[in-house]
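Engineer: My structure file start_3.txt, compact mmCIF, C-alpha atoms, is below:
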```txt
# COMPACT_ATOMS: atom_id res chain seq x y z
CA MET A 297 -28.91 21.72 -68.28
CA SER A 298 -30.91 19.29 -70.38
CA GLN A 299 -33.13 20.44 -73.22
CA SER A 300 -36.22 19.37 -71.26
CA LEU A 301 -36.41 22.78 -69.57
CA GLN A 302 -35.82 24.80 -72.73
CA THR A 303 -39.25 26.07 -73.78
CA GLU A 304 -40.81 28.84 -75.82
CA LEU A 305 -40.86 30.88 -72.60
CA THR A 306 -37.10 30.65 -72.06
CA ARG A 307 -36.54 31.53 -75.71
CA LEU A 308 -38.81 34.58 -75.61
CA LEU A 309 -37.70 35.91 -72.22
CA GLY A 310 -34.05 34.93 -72.51
CA CYS A 311 -33.92 33.14 -69.15
CA ARG A 312 -32.27 29.79 -68.36
CA TYR A 313 -35.28 28.23 -66.66
CA PRO A 314 -39.02 28.52 -67.40
CA ILE A 315 -39.66 30.01 -63.96
CA VAL A 316 -41.24 33.44 -63.49
CA GLN A 317 -41.29 35.51 -60.30
CA THR A 318 -44.56 37.41 -60.20
CA ALA A 319 -44.97 41.07 -59.26
CA MET A 320 -46.29 41.11 -55.72
CA GLY A 321 -47.04 44.61 -54.45
CA TRP A 322 -44.51 45.84 -51.86
CA VAL A 323 -42.57 42.56 -52.28
CA ALA A 324 -41.18 42.34 -55.82
CA ASP A 325 -38.49 44.97 -55.41
CA ALA A 326 -35.18 45.44 -57.23
CA ARG A 327 -33.27 43.04 -54.97
CA LEU A 328 -35.76 40.19 -55.43
CA VAL A 329 -35.99 40.72 -59.20
CA ALA A 330 -32.20 40.83 -59.58
CA ALA A 331 -31.79 37.69 -57.47
CA THR A 332 -34.35 35.89 -59.63
CA SER A 333 -32.73 37.02 -62.87
CA ASN A 334 -29.23 36.11 -61.73
CA ALA A 335 -30.43 32.65 -60.69
CA GLY A 336 -31.85 31.91 -64.14
CA GLY A 337 -35.50 32.83 -63.69
CA PHE A 338 -37.39 35.88 -64.93
CA GLY A 339 -38.47 38.55 -62.44
CA PHE A 340 -41.11 41.29 -62.56
CA LEU A 341 -40.88 44.57 -60.64
CA ALA A 342 -44.11 45.50 -58.85
CA ALA A 343 -44.60 48.99 -60.26
CA ALA A 344 -48.27 49.02 -59.26
CA THR A 345 -47.27 50.06 -55.73
CA MET A 346 -44.44 52.41 -56.76
CA SER A 347 -44.39 56.09 -57.56
CA THR A 348 -42.73 57.05 -60.83
CA VAL A 349 -39.59 58.17 -58.99
CA GLN A 350 -39.45 54.91 -57.04
CA LEU A 351 -39.86 52.84 -60.20
CA GLU A 352 -37.12 54.74 -62.00
CA GLN A 353 -34.76 54.04 -59.11
CA ALA A 354 -35.82 50.38 -58.96
CA ILE A 355 -35.13 49.94 -62.68
CA ALA A 356 -31.71 51.53 -62.22
CA ASP A 357 -31.00 49.22 -59.28
CA VAL A 358 -31.93 46.10 -61.26
CA ARG A 359 -29.86 47.24 -64.22
CA ALA A 360 -26.86 47.66 -61.91
CA ALA A 361 -27.34 44.29 -60.18
CA THR A 362 -27.80 42.02 -63.20
CA THR A 363 -26.88 41.94 -66.86
CA VAL A 364 -30.01 40.07 -67.96
CA GLN A 365 -33.43 41.35 -68.92
CA PHE A 366 -36.41 41.63 -66.56
CA GLY A 367 -40.05 42.68 -66.46
CA VAL A 368 -42.30 45.40 -65.04
CA ASN A 369 -45.86 44.97 -63.80
CA PHE A 370 -48.44 47.77 -63.72
CA HIS A 371 -52.18 48.44 -63.86
CA MET A 372 -53.93 51.03 -65.96
CA PHE A 373 -55.98 52.28 -63.01
CA GLN A 374 -52.91 53.45 -61.07
CA PRO A 375 -52.51 57.24 -61.26
CA ASN A 376 -49.05 57.14 -62.86
CA ALA A 377 -49.82 54.40 -65.41
CA LEU A 378 -48.91 56.54 -68.42
CA GLU A 379 -45.58 57.49 -66.83
CA VAL A 380 -44.85 53.82 -66.09
CA ILE A 381 -45.50 52.95 -69.72
CA GLU A 382 -43.07 55.62 -70.90
CA LEU A 383 -40.41 54.42 -68.44
CA CYS A 384 -40.73 50.87 -69.72
CA LEU A 385 -40.35 52.07 -73.30
CA LYS A 386 -37.37 54.21 -72.31
CA HIS A 387 -35.66 51.11 -70.89
CA LYS A 388 -36.67 48.77 -73.69
CA ASP A 389 -33.10 47.50 -73.94
CA ARG A 390 -33.52 45.78 -70.56
CA VAL A 391 -37.27 45.65 -69.89
CA ARG A 392 -38.14 42.53 -71.86
CA ALA A 393 -41.77 42.16 -70.79
CA VAL A 394 -44.64 43.92 -69.06
CA SER A 395 -47.35 42.16 -67.08
CA TYR A 396 -50.74 43.46 -66.04
CA GLY A 397 -54.22 42.48 -64.95
CA ARG A 398 -56.61 45.21 -66.02
CA GLY A 399 -54.38 46.11 -68.90
CA PRO A 400 -53.76 48.72 -71.57
CA ASP A 401 -55.70 49.10 -74.78
CA ALA A 402 -54.69 47.64 -78.13
CA LYS A 403 -52.96 50.88 -79.17
CA THR A 404 -50.67 50.84 -76.13
CA ILE A 405 -50.01 47.13 -76.50
CA LYS A 406 -48.97 47.80 -80.09
CA ARG A 407 -46.46 50.40 -78.84
CA PHE A 408 -44.91 47.81 -76.53
CA LYS A 409 -44.72 45.23 -79.28
CA GLU A 410 -43.14 47.67 -81.74
CA ALA A 411 -40.50 48.43 -79.09
CA GLY A 412 -39.75 44.72 -78.70
CA ILE A 413 -41.36 44.48 -75.25
CA LEU A 414 -43.49 41.39 -74.71
CA CYS A 415 -46.99 41.73 -73.25
CA MET A 416 -47.69 39.06 -70.64
CA PRO A 417 -51.00 39.60 -68.80
CA THR A 418 -52.21 37.45 -65.92
CA VAL A 419 -55.74 36.06 -66.14
CA GLY A 420 -57.96 33.93 -63.96
CA ALA A 421 -60.68 33.02 -66.45
CA LEU A 422 -60.85 31.58 -69.96
CA LYS A 423 -62.72 34.55 -71.45
CA HIS A 424 -60.10 36.95 -70.10
CA ALA A 425 -57.32 34.91 -71.71
CA GLN A 426 -59.09 35.02 -75.06
CA LYS A 427 -59.69 38.77 -74.81
CA ALA A 428 -56.06 39.41 -73.87
CA VAL A 429 -54.85 37.54 -76.95
CA GLU A 430 -57.29 39.49 -79.14
CA LEU A 431 -55.72 42.70 -77.84
CA GLY A 432 -52.24 41.47 -78.73
CA ALA A 433 -50.79 39.58 -75.74
CA ASP A 434 -47.66 37.59 -76.56
CA ILE A 435 -47.76 35.26 -73.53
CA ILE A 436 -50.58 34.48 -71.10
CA THR A 437 -50.09 33.71 -67.42
CA VAL A 438 -52.99 31.64 -66.10
CA GLN A 439 -53.56 31.77 -62.36
CA GLY A 440 -55.81 29.15 -60.81
CA ALA A 441 -57.86 29.61 -57.67
CA GLU A 442 -55.04 28.30 -55.44
CA GLY A 443 -53.03 31.44 -56.17
CA GLY A 444 -52.57 34.38 -53.85
CA GLY A 445 -54.02 37.86 -54.00
CA HIS A 446 -56.92 38.51 -56.34
CA THR A 447 -57.93 35.18 -57.78
CA GLY A 448 -60.72 33.39 -59.59
CA SER A 449 -62.70 30.32 -58.61
CA VAL A 450 -61.39 27.72 -61.07
CA PRO A 451 -58.42 25.57 -59.95
CA THR A 452 -55.26 25.50 -62.03
CA THR A 453 -55.75 21.90 -63.17
CA LEU A 454 -59.05 22.83 -64.84
CA LEU A 455 -58.27 26.35 -66.04
CA LEU A 456 -54.86 25.60 -67.55
CA PRO A 457 -55.99 23.02 -70.15
CA GLN A 458 -58.98 25.19 -71.06
CA VAL A 459 -56.73 28.10 -71.91
CA LEU A 460 -54.14 25.92 -73.63
CA ASP A 461 -56.85 24.62 -75.95
CA ALA A 462 -58.23 28.09 -76.64
CA VAL A 463 -55.19 30.26 -77.41
CA LYS A 464 -52.19 29.95 -79.72
CA VAL A 465 -49.64 31.88 -77.64
CA PRO A 466 -47.37 30.38 -74.94
CA VAL A 467 -49.15 29.86 -71.62
CA VAL A 468 -47.52 30.06 -68.19
CA ALA A 469 -49.15 28.23 -65.28
CA ALA A 470 -49.57 29.91 -61.88
CA GLY A 471 -51.36 29.00 -58.68
CA GLY A 472 -50.05 26.31 -56.35
CA PHE A 473 -46.55 25.91 -57.77
CA HIS A 474 -43.48 25.62 -55.56
CA SER A 475 -41.50 22.54 -56.60
CA GLY A 476 -39.92 20.67 -59.49
CA ARG A 477 -42.84 18.26 -59.51
CA GLY A 478 -45.12 21.19 -60.24
CA LEU A 479 -42.92 22.48 -63.05
CA ALA A 480 -42.74 19.01 -64.62
CA GLY A 481 -46.52 18.70 -64.32
CA ALA A 482 -47.13 22.10 -65.92
CA LEU A 483 -44.85 21.23 -68.83
CA ALA A 484 -46.69 17.92 -69.22
CA PHE A 485 -49.98 19.83 -69.43
CA GLY A 486 -48.49 21.83 -72.30
CA ALA A 487 -47.56 25.02 -70.45
CA ALA A 488 -44.34 26.84 -71.37
CA GLY A 489 -43.37 27.32 -67.71
CA ILE A 490 -44.60 28.30 -64.27
CA ALA A 491 -45.02 31.57 -62.38
CA MET A 492 -44.76 31.80 -58.60
CA GLY A 493 -45.42 34.56 -56.10
CA THR A 494 -45.67 33.12 -52.60
CA ARG A 495 -42.64 30.85 -53.12
CA PHE A 496 -40.51 33.93 -53.90
CA LEU A 497 -42.08 35.95 -51.10
CA MET A 498 -40.86 33.24 -48.74
CA THR A 499 -37.14 33.53 -49.54
CA ALA A 500 -34.03 35.02 -47.96
CA GLU A 501 -34.04 37.95 -50.43
CA SER A 502 -37.65 38.87 -49.73
CA PRO A 503 -37.99 42.43 -48.36
CA VAL A 504 -40.88 41.36 -46.12
CA PRO A 505 -40.11 41.92 -42.40
CA GLN A 506 -39.33 38.83 -40.35
CA ALA A 507 -42.39 39.27 -38.12
CA THR A 508 -44.57 38.97 -41.21
CA LEU A 509 -42.58 36.17 -42.82
CA GLN A 510 -42.97 34.08 -39.69
CA LYS A 511 -46.76 34.27 -40.13
CA TYR A 512 -46.33 32.67 -43.56
CA VAL A 513 -43.99 29.99 -42.26
CA ALA A 514 -46.30 29.22 -39.33
CA VAL A 515 -49.43 28.49 -41.37
CA LYS A 516 -49.78 24.73 -41.96
CA GLU A 517 -53.37 24.31 -43.14
CA PRO A 518 -54.29 25.32 -46.72
CA ALA A 519 -57.85 25.97 -45.48
CA GLN A 520 -56.48 28.87 -43.40
CA ILE A 521 -55.47 30.61 -46.64
CA ARG A 522 -58.82 31.50 -48.13
CA ALA A 523 -60.45 33.94 -50.51
CA SER A 524 -62.40 36.83 -48.98
CA THR A 525 -64.18 39.84 -50.46
CA ALA A 526 -63.90 41.90 -47.28
CA VAL A 527 -60.85 43.92 -48.33
CA ASP A 528 -61.89 45.47 -51.63
CA GLY A 529 -65.05 43.71 -52.73
CA MET A 530 -63.26 41.21 -54.99
CA PRO A 531 -62.13 37.68 -54.07
CA GLN A 532 -58.61 37.91 -52.66
CA ARG A 533 -56.79 34.93 -51.12
CA MET A 534 -55.17 35.71 -47.78
CA ILE A 535 -53.96 34.03 -44.61
CA ASP A 536 -56.47 34.21 -41.78
CA ASN A 537 -55.43 36.77 -39.17
CA PRO A 538 -57.17 38.92 -36.53
CA PHE A 539 -57.53 41.95 -38.80
CA LEU A 540 -59.19 40.03 -41.64
CA LEU A 541 -61.62 38.34 -39.25
CA LYS A 542 -62.48 41.72 -37.71
CA LEU A 543 -62.99 43.28 -41.14
CA GLU A 544 -65.30 40.45 -42.20
CA SER A 545 -67.43 40.70 -39.07
CA GLY A 546 -67.51 44.51 -38.81
CA GLY A 547 -70.44 45.23 -41.10
CA LEU A 548 -70.90 47.76 -43.90
CA LEU A 549 -70.24 50.93 -41.88
CA HIS A 550 -66.98 49.57 -40.49
CA ARG A 551 -65.80 48.56 -43.95
CA LEU A 552 -66.77 51.97 -45.33
CA PHE A 553 -64.73 53.72 -42.63
CA VAL A 554 -61.68 51.54 -43.36
CA ALA A 555 -62.12 52.14 -47.09
CA LEU A 556 -62.24 55.92 -46.73
CA SER A 557 -59.19 55.91 -44.48
CA SER A 558 -57.26 53.69 -46.90
CA ALA A 559 -58.23 55.80 -49.91
CA TRP A 560 -56.86 58.93 -48.26
CA LYS A 561 -53.58 57.24 -47.29
CA TRP A 562 -53.20 55.79 -50.78
CA ARG A 563 -53.77 59.25 -52.28
CA VAL A 564 -50.88 60.63 -50.23
CA HIS A 565 -48.57 57.74 -51.25
CA THR A 566 -49.26 57.98 -54.98
CA GLY A 567 -49.58 61.74 -55.23
CA MET A 568 -53.10 61.35 -56.58
CA SER A 569 -55.03 64.61 -56.48
CA VAL A 570 -58.49 64.89 -54.97
CA GLY A 571 -59.74 65.63 -58.48
CA HIS A 572 -58.19 62.42 -59.81
CA MET A 573 -59.77 60.50 -56.92
CA ALA A 574 -63.18 61.88 -57.87
CA LYS A 575 -62.61 61.14 -61.56
CA THR A 576 -61.61 57.54 -60.78
CA PHE A 577 -64.62 57.14 -58.50
CA PHE A 578 -67.16 58.30 -61.09
CA ALA A 579 -65.49 56.35 -63.90
CA ALA A 580 -65.83 53.19 -61.84
CA LEU A 581 -69.48 53.95 -61.20
CA ARG A 582 -70.09 54.29 -64.94
CA GLU A 583 -68.48 50.88 -65.47
CA GLY A 584 -70.97 49.39 -63.04
CA ASP A 585 -68.96 49.07 -59.83
CA SER A 586 -70.79 49.88 -56.63
CA ALA A 587 -69.73 52.98 -54.71
CA ILE A 588 -68.59 50.97 -51.71
CA GLN A 589 -66.44 48.65 -53.84
CA THR A 590 -64.91 51.61 -55.65
CA MET A 591 -63.85 53.18 -52.37
CA MET A 592 -62.65 49.83 -51.08
CA ALA A 593 -60.24 49.52 -54.02
CA ALA A 594 -57.61 51.47 -52.07
CA ASN A 595 -57.83 49.04 -49.17
CA ALA A 596 -55.64 46.30 -50.61
CA PRO A 597 -52.38 48.24 -51.14
CA VAL A 598 -52.67 50.12 -47.86
CA LEU A 599 -53.58 47.09 -45.73
CA ILE A 600 -50.92 44.96 -47.45
CA GLN A 601 -48.37 47.71 -46.79
CA ARG A 602 -48.93 47.43 -43.05
CA ALA A 603 -47.84 43.81 -43.09
CA MET A 604 -45.31 43.76 -45.94
CA VAL A 605 -43.51 47.05 -45.27
CA GLU A 606 -44.27 48.09 -41.72
CA GLY A 607 -44.02 44.59 -40.26
CA ARG A 608 -47.40 44.64 -38.50
CA PRO A 609 -48.95 41.39 -39.75
CA ASP A 610 -51.88 41.41 -37.32
CA GLU A 611 -52.90 44.95 -38.32
CA GLY A 612 -52.97 44.39 -42.07
CA VAL A 613 -53.69 41.58 -44.51
CA LEU A 614 -51.48 38.74 -45.73
CA PRO A 615 -52.03 37.89 -49.41
CA SER A 616 -50.89 34.35 -50.06
CA GLY A 617 -51.32 31.36 -52.26
CA GLN A 618 -52.41 28.18 -50.51
CA VAL A 619 -48.95 26.84 -51.25
CA ALA A 620 -47.62 28.73 -48.19
CA ALA A 621 -49.04 25.94 -46.04
CA VAL A 622 -46.52 23.47 -47.48
CA ILE A 623 -43.49 25.78 -47.33
CA GLY A 624 -41.63 25.69 -44.03
CA SER A 625 -38.37 27.55 -44.68
CA LEU A 626 -36.89 30.67 -46.27
CA PRO A 627 -34.10 29.56 -48.62
CA SER A 628 -32.26 31.79 -51.07
CA VAL A 629 -33.81 32.53 -54.44
CA LYS A 630 -30.90 30.71 -56.09
CA ASP A 631 -31.59 27.56 -54.05
CA VAL A 632 -35.31 27.73 -54.85
CA ILE A 633 -34.83 28.05 -58.59
CA GLU A 634 -32.00 25.52 -58.92
CA GLY A 635 -33.83 23.06 -56.66
CA ILE A 636 -36.99 23.29 -58.77
CA ALA A 637 -35.04 22.91 -62.00
CA THR A 638 -33.09 19.89 -60.75
CA GLU A 639 -36.19 18.13 -59.47
CA ALA A 640 -38.15 18.88 -62.64
CA GLU A 641 -35.41 17.46 -64.83
CA ALA A 642 -35.31 14.30 -62.69
CA ARG A 643 -39.09 13.85 -62.86
CA LEU A 644 -39.19 14.39 -66.62
CA ALA A 645 -36.29 11.98 -67.12
CA SER A 646 -38.00 9.32 -65.02
CA LEU A 647 -41.15 9.61 -67.13
CA SER A 648 -39.23 8.98 -70.33
CA THR A 649 -37.59 5.80 -69.00
CA ARG A 650 -40.19 4.48 -66.57
CA ASN A 651 -42.06 1.21 -67.05
CA PRO A 652 -45.75 2.11 -66.53
CA LEU A 653 -46.18 -1.01 -64.35
CA ASP A 654 -43.23 -0.11 -62.11
CA LYS A 655 -44.56 1.60 -58.96
CA THR A 656 -41.11 2.33 -57.49
CA ALA A 657 -39.94 5.00 -59.91
```
Go ahead and express the file in the form of structure tokens.
Structural biologist:
Amino acid sequence: MSQSLQTELTRLLGCRYPIVQTAMGWVADARLVAATSNAGGFGFLAAATMSTVQLEQAIADVRAATTVQFGVNFHMFQPNALEVIELCLKHKDRVRAVSYGRGPDAKTIKRFKEAGILCMPTVGALKHAQKAVELGADIITVQGAEGGGHTGSVPTTLLLPQVLDAVKVPVVAAGGFHSGRGLAGALAFGAAGIAMGTRFLMTAESPVPQATLQKYVAVKEPAQIRASTAVDGMPQRMIDNPFLLKLESGGLLHRLFVALSSAWKWRVHTGMSVGHMAKTFFAALREGDSAIQTMMAANAPVLIQRAMVEGRPDEGVLPSGQVAAVIGSLPSVKDVIEGIATEAEARLASLSTRNPLDKTA
């Protein structure tokens, strides 16, 4: 491989290519992470939708399936967050990085750094990138509005240079990436690499049931993959489907009923006590969230689970980046990563030798 794809990201994470597989809930399991790592990328386990026991088994499975290091994603608002942190520290010999959105405090970040674990939060706004660096982040992943799941309103091409100019740590670009052209473009912007979710979701190693995957393959219009606040009160990019349209048109009482049902199911899955539910609810109220949005917070994992685990895509929601509209097949992770790397090298090489007036290159 040429030196053109050796970046600060590959040096820090120890991967061959500056390509990161993001931690999609219910999707980024041990098999997908191991496949990514073995193919030269860097994969994150989605611990945010795992119990402590499930995460411990997933870490063991990744350790057994690959000899390289990998990452773990979590959120501080999940009931077992403290246990997840301790598990990551326990496996510091193989857990190279942690990623998060609403992340830990500076004291916890310091613990990670002292253990040699890199902190790599994902942000969707300039101010959040700056705050994350103040708290001690080693690498910042910047997701533009094109990205899937919870997302901001600023496209990658505008947000990425803003963050690059504002912080001194390596920046990874996310939102809309799926090809070597995109990787070459991100590197040209000054990013240290790219992060992709939907592209890895749509692979042969993805655990997503075929009935659900076919919904992703079938969508051809980026406009059909749009951001909605109907699920949990925050903008979340999803593929249009009957359930989402029904949720959007059902009114406040319907959404409240769905939210209460989801919260109860999520409590059972995570082992959260009723007391912890109440504590989380009132803490959110003190932070300024509305009661309805607080209760709706459990919607996303439960409704995503219906599609991603149970294989009922029309009865749940389909988080997706707009890039799904230009992906029409489900190749192996190895083919995805090597194809992106090969194309990126070719594009970068052509730029270094191309005559600016030559339109054929």
Engineer: Closest to A:Asn369 among A:Arg643, A:Arg392, A:Arg327, A:Lys403, using only C-alpha atoms?
Structural biologist: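 That would be A:Arg392, the residue with the smallest distance to A:Asn369.
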Engineer: Quick one: pull the distance between atom CA of A:Pro451 and atom CA of A:Lys427, Å, one decimal.
Structural biologist: 19.9 Å
Engineer: Which distance in Å separates atom CA of A:Val465 and atom CA of A:Glu430, to one decimal?
Structural biologist: 10.9 Å
Engineer: Between A:Gln365, A:Ser395, A:Thr447, A:Thr303, which is the closest to A:Gln618 once you count all atoms listed in the file?
Structural biologist: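 So, comparing all the options, the nearest one is A:Thr447.
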Engineer: Scan for residues within 12 Å of the point (-37.1, 35.0, -73.0) in the coordinates of the file, using only C-alpha atoms, and reply as an MDAnalysis selection string.
Structural biologist: chainID A and resid 302:316 333 336:339 364:367 390:393 412:416 434:435 466 488:489
Engineer: Emit the selected residues as a compact mmCIF listing (two decimals), keeping the file's coordinate frame, including C-alpha atoms.
Structural biologist:
```txt
# COMPACT_ATOMS: atom_id res chain seq x y z
CA GLN A 302 -35.82 24.80 -72.73
CA THR A 303 -39.25 26.07 -73.78
CA GLU A 304 -40.81 28.84 -75.82
CA LEU A 305 -40.86 30.88 -72.60
CA THR A 306 -37.10 30.65 -72.06
CA ARG A 307 -36.54 31.53 -75.71
CA LEU A 308 -38.81 34.58 -75.61
CA LEU A 309 -37.70 35.91 -72.22
CA GLY A 310 -34.05 34.93 -72.51
CA CYS A 311 -33.92 33.14 -69.15
CA ARG A 312 -32.27 29.79 -68.36
CA TYR A 313 -35.28 28.23 -66.66
CA PRO A 314 -39.02 28.52 -67.40
CA ILE A 315 -39.66 30.01 -63.96
CA VAL A 316 -41.24 33.44 -63.49
CA SER A 333 -32.73 37.02 -62.87
CA GLY A 336 -31.85 31.91 -64.14
CA GLY A 337 -35.50 32.83 -63.69
CA PHE A 338 -37.39 35.88 -64.93
CA GLY A 339 -38.47 38.55 -62.44
CA VAL A 364 -30.01 40.07 -67.96
CA GLN A 365 -33.43 41.35 -68.92
CA PHE A 366 -36.41 41.63 -66.56
CA GLY A 367 -40.05 42.68 -66.46
CA ARG A 390 -33.52 45.78 -70.56
CA VAL A 391 -37.27 45.65 -69.89
CA ARG A 392 -38.14 42.53 -71.86
CA ALA A 393 -41.77 42.16 -70.79
CA GLY A 412 -39.75 44.72 -78.70
CA ILE A 413 -41.36 44.48 -75.25
CA LEU A 414 -43.49 41.39 -74.71
CA CYS A 415 -46.99 41.73 -73.25
CA MET A 416 -47.69 39.06 -70.64
CA ASP A 434 -47.66 37.59 -76.56
CA ILE A 435 -47.76 35.26 -73.53
CA PRO A 466 -47.37 30.38 -74.94
CA ALA A 488 -44.34 26.84 -71.37
CA GLY A 489 -43.37 27.32 -67.71
```
Engineer: Report the distance between atom CA of A:Ile355 and atom CA of A:Asn334 in Å, rounded to one decimal place.
Structural biologist: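 Computing the Euclidean distance for atom CA of A:Ile355 and atom CA of A:Asn334 yields 15.1 Å.
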